[in-house]
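*Asks:* This structure is in structure tokens; I'll ask about it shortly.
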Amino acid sequence: MTPLFGTAVQDYYLDLVRKNFKDRKARLDALLTREDAERYVADVRAKIARLFPLPAEKTPLDAYETGTLDCGSFVMRKIVYYSRPEYPVTANLYLPKTTEKVPGVLFVCGHSGNGKASDVYMTCQRGLAMKGYAVLAIDPVSQGERLQFLDIPEFKGGCCTEHNIMGKQLILIGETMGAWRAWDAIRGLDYLLSRPEVDPARVGLTGNSGGGTMTTFVNALEDRLTMAAPSCYITTWLHNVENELPADSEQIPPGTLASGLEMGDFLIARAPRPLVVLGQSNDFFDPRGTKETYEEVRRVYSLLGAEDSIRLTIGTGNHGYSQENREAMYSLFNDVAHVNAPAAEPAEVPLSPEQEIWAAPRGQVRNLPVNKYVREFIAEKASALRSARKTHTPEELKKIMRRLLNLDEAFVPHHRVLRIRYDGKNIYSRFGLETEPDNRLMCVLKVKSEKEAFYHLPDTEKAVLYIPHLDAQDELADMPLPEDAVLFGLDVRGIGECAPSGCDQPLDRDFFHEYQFDYHYASLGLMFSKPYLSGKVKDILCAVELLARNGAQVEIQAKGQGTVPALIAALLSDKITSLKLMDAPESWESMITEPVPCYPLSLMIPNVLAETDLPELRQAVAGKIR
């Protein structure tokens, strides 16, 4: 069904992001002295560190070489290292032919399917090597030699899909794809600095797009870098939300917006480290935000007496690490590292066929003697969390779910009387419920009848409230009318008439696509530390308060993904007297043990498996379930 209130969710999150942007701008404007700037730098650095659940210890890298190429003025060594036990990272190490110590650069790739073997990225890596830098280029997980789903026949998709599948599974165990990606880079920096050829006082980091993301994040997390150049990522989250731009799982760190941060804070966190911000004039990462972020960061650098340490280049083309931007990076790195080389890229950079630079047998880590997939780590931790969990009382579970969801209190919402619908057989009277501040209509309540249209909520001693899988009216059509109750359906936020109508829509709308509208708004919920699921539960609880306001009994019936918020609502509300669940997921843990889970990010709660799972919630309301 075409969503009639398709801007409700977008406008809700846009208001939140705009408020965050305004409040943060006021804090930045209040910085007047060097001491003010230093306190702000320390504050955002500490906040960012808390947002990335990195491993507590660094395990042995167990690095080894699998081959060498002679490329003229430099050699390329094929490297495998282990960022975690049994978790290999494939890399290429470029070393100039010199006996002197040289500056080092960690190169983190964007979302190229072939990872470090992309011609553009290889040009940049080898251009740096020809200028006298040691360069370690690593394959991101799910790219190049590190594909994770080759043995899953039903998997269809590229690196972004892999990232987002693993990302939603990691959320359930209290981890994030951004932290896993950042840790690979941090351990790559460990390896680079272990090389005797590298001068640890001259170490840079650069990457484009997804690599620009990792450059931004690792820049904030690492104190060993001396220069950084993020390309084609820096804008503002405000622009991303205004422009309805989804981003990969690793690009949306949970809790970031709840902490009052913006993208620029990841650059400010290491001020006055030398930095060049790189963008493109026709980038989907809005260059207006790139310029705004640069200006606000430059002001902090200025207060620290280092205005000359930050630069900006906006290229004249499309998204990508263009030669213009690469040369801006060479220029900064040469100045900081005191490298006597031209900023211009060499006229001819020797590239190699992809097969010649493979570090793993046949170009995939699955052919290494020691390799574990991300999903195996996730399943192991989920099992360990289950073994460590204690059993809870219903009252304890109520507190746990309210805390994990950061749930608002339910209330009797104001409702609007909307126009009726008729499908040729049934009449659907419709009411818009304002369940968020500022008269925000977030969900639509419907009454199904065969003869009568209602322009007021009908009084009843018993209400059956149906929570759909995807659309209340479509799913109510075949449901029989109860003899002793009024049948209602509720399109909670993001569902049915309230499904977002914009946001990266192809011709075929796919609610369950790993990179479309439902995923996007679930991501924003995580960034605000209030899962999207929290709002769905709130919508149900508010609808129950409305239906029960005159003492009516409320029975909930739910199907598919609607069963999860319905179950939680039944746990939390004594006004829900009975519950019927149809086609419900077995558990959150089952969404981990299934390599390609069919359920969306909007049903995931951060770290829920550390405390409970759906079977325990069902047991807590067993007396209501029929």
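How things are named: the first chain in the structure tokens is A, the next is B, and so on; residues count from 1 in each chain; ligands count from 1 in the order shown.
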Can you tell me, as a list of chain:residue names, what residues are no more than 12 Å from segment 25-32 of chain A when counting only C-alpha atoms, ignoring any on the same chain fewer than 6 positions away?

*Replies:*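 My reading of the contact set: A:Arg18, A:Lys19, A:Glu38, A:Arg39, A:Tyr40, A:Val41, A:Asp43, A:Val44, A:Gly260, A:Leu261, A:Glu262, A:Gly264, A:Asp265, A:Ile268, A:Glu292, A:Thr293, A:Glu295, A:Glu296, A:Val297, A:Arg298, A:Arg299, A:Val300, A:Tyr301, A:Ser302, A:Leu303, A:Leu304.
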
*Asks:* Using only C-alpha atoms, which protein or nucleic acid residues come within 8 Å of Pro413 of chain A? Drop anything in the same chain fewer than 2 positions from it, and give the result as a list of chain:residue names.

*Replies:* A:Phe411, A:His415, A:Leu433, A:Glu434, A:Thr435, A:Cys542, A:Ala543, A:Glu545, A:Leu546

*Asks:* With C-alpha atoms kept, could you save the residues just selected as a short mmCIF file (atom, residue, chain, number, x, y, z; two decimals), in the first residue's frame?

*Replies:*
data_model
loop_
_atom_site.label_atom_id
_atom_site.label_comp_id
_atom_site.auth_asym_id
_atom_site.auth_seq_id
_atom_site.Cartn_x
_atom_site.Cartn_y
_atom_site.Cartn_z
CA PHE A 411 0.06 8.14 27.39
CA HIS A 415 -5.97 11.37 17.61
CA LEU A 433 -2.26 8.97 16.61
CA GLU A 434 0.16 11.68 17.74
CA THR A 435 2.61 9.67 19.81
CA CYS A 542 -0.12 4.55 23.45
CA ALA A 543 -2.78 2.91 21.26
CA GLU A 545 -3.92 3.50 26.51
CA LEU A 546 -6.34 5.10 24.06
#

*Asks:* For the helix (DSSP H, G or I) assignment from backbone DSSP, which residues of segment 97-319 of chain A qualify? Please present them as a ChimeraX atom specification.

*Replies:* /A:115-117,119-130,159-172,177-194,210-221,237-242,249-251,263-268,287-303,307-309

*Asks:* Between segment 296-383 of chain A and segment 87-91 of chain A, at 6 Å or less, what are the per-residue closest atom pairs and their distances in Å? Count only C-alpha atoms, order by chain and rising residue number, and return it as CSV.

*Replies:*
residue,atom,partner,partner_atom,distance
A:Ala359,CA,A:Thr90,CA,5.9
A:Asn371,CA,A:Tyr87,CA,5.6
A:Lys372,CA,A:Tyr87,CA,5.4

*Asks:* Would you export the selected residues with all heavy atoms as a PDB file, in the first residue's frame, please?

*Replies:*
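After the write, result.pdb holds the following:
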ATOM      1  N   ALA A 359      47.360 -11.868  -1.439  1.00  0.00           N
ATOM      2  CA  ALA A 359      48.157 -12.370  -0.322  1.00  0.00           C
ATOM      3  C   ALA A 359      47.703 -13.755   0.118  1.00  0.00           C
ATOM      4  O   ALA A 359      48.485 -14.519   0.688  1.00  0.00           O
ATOM      5  CB  ALA A 359      48.069 -11.399   0.863  1.00  0.00           C
ATOM      6  N   ASN A 371      41.444 -19.412   9.461  1.00  0.00           N
ATOM      7  CA  ASN A 371      40.492 -18.357   9.103  1.00  0.00           C
ATOM      8  C   ASN A 371      39.173 -18.603   9.818  1.00  0.00           C
ATOM      9  O   ASN A 371      38.680 -19.730   9.865  1.00  0.00           O
ATOM     10  CB  ASN A 371      40.237 -18.330   7.596  1.00  0.00           C
ATOM     11  CG  ASN A 371      39.106 -17.380   7.232  1.00  0.00           C
ATOM     12  OD1 ASN A 371      39.199 -16.186   7.498  1.00  0.00           O
ATOM     13  ND2 ASN A 371      38.035 -17.910   6.657  1.00  0.00           N
ATOM     14  N   LYS A 372      38.620 -17.544  10.398  1.00  0.00           N
ATOM     15  CA  LYS A 372      37.300 -17.620  11.012  1.00  0.00           C
ATOM     16  C   LYS A 372      36.475 -16.446  10.498  1.00  0.00           C
ATOM     17  O   LYS A 372      36.958 -15.320  10.414  1.00  0.00           O
ATOM     18  CB  LYS A 372      37.410 -17.565  12.540  1.00  0.00           C
ATOM     19  CG  LYS A 372      36.090 -17.786  13.263  1.00  0.00           C
ATOM     20  CD  LYS A 372      36.236 -17.598  14.775  1.00  0.00           C
ATOM     21  CE  LYS A 372      37.031 -18.708  15.411  1.00  0.00           C
ATOM     22  NZ  LYS A 372      37.027 -18.575  16.895  1.00  0.00           N
TER      23      LYS A 372
END

*Asks:* Would you pick out the contacts of segment 47-49 of chain A at 10 Å or less, using only C-alpha atoms, so that residues sharing its chain but fewer than 5 positions from it are not included, and give the list as an MDAnalysis selection string?

*Replies:* chainID A and resid 42 54 217 220:222 253 255:256 259:261 265:266 269

*Asks:* As a PyMOL selection string, please: every residue in segment 481-594 of chain A that a backbone DSSP assignment puts in strand (DSSP E).

*Replies:* chain A and resi 486-491+553-559+576-582

*Asks:* Write out as a tab-separated table a residue-level contact list of segment 444-552 of chain A versus segment 388-409 of chain A with cut-off 7 Å: for each qualifying residue the closest pair of atoms and the distance in Å to one decimal, counting only C-alpha atoms, rows sorted by chain and residue number upward.

*Replies:*
residue	atom	partner	partner_atom	distance
A:Lys530	CA	A:Asn406	CA	5.5
A:Pro531	CA	A:Leu405	CA	6.0
A:Ser534	CA	A:Leu405	CA	5.1
A:Lys538	CA	A:Asp408	CA	6.9

*Asks:* Those residues with N, CA, C and O atoms, as a short mmCIF file (atom, residue, chain, number, x, y, z; two decimals), in the first residue's frame please?

*Replies:*
data_model
loop_
_atom_site.label_atom_id
_atom_site.label_comp_id
_atom_site.auth_asym_id
_atom_site.auth_seq_id
_atom_site.Cartn_x
_atom_site.Cartn_y
_atom_site.Cartn_z
N LYS A 530 18.23 5.22 20.95
CA LYS A 530 16.83 4.87 21.15
C LYS A 530 16.42 4.04 19.93
O LYS A 530 16.03 4.58 18.90
N PRO A 531 16.51 2.71 20.04
CA PRO A 531 16.26 1.86 18.88
C PRO A 531 14.91 2.17 18.23
O PRO A 531 13.94 2.52 18.90
N SER A 534 11.98 0.82 19.78
CA SER A 534 11.43 1.52 20.94
C SER A 534 10.21 2.34 20.55
O SER A 534 9.19 2.36 21.26
N LYS A 538 6.33 1.97 21.76
CA LYS A 538 5.62 3.13 22.30
C LYS A 538 4.30 3.35 21.58
O LYS A 538 3.27 3.64 22.20
#
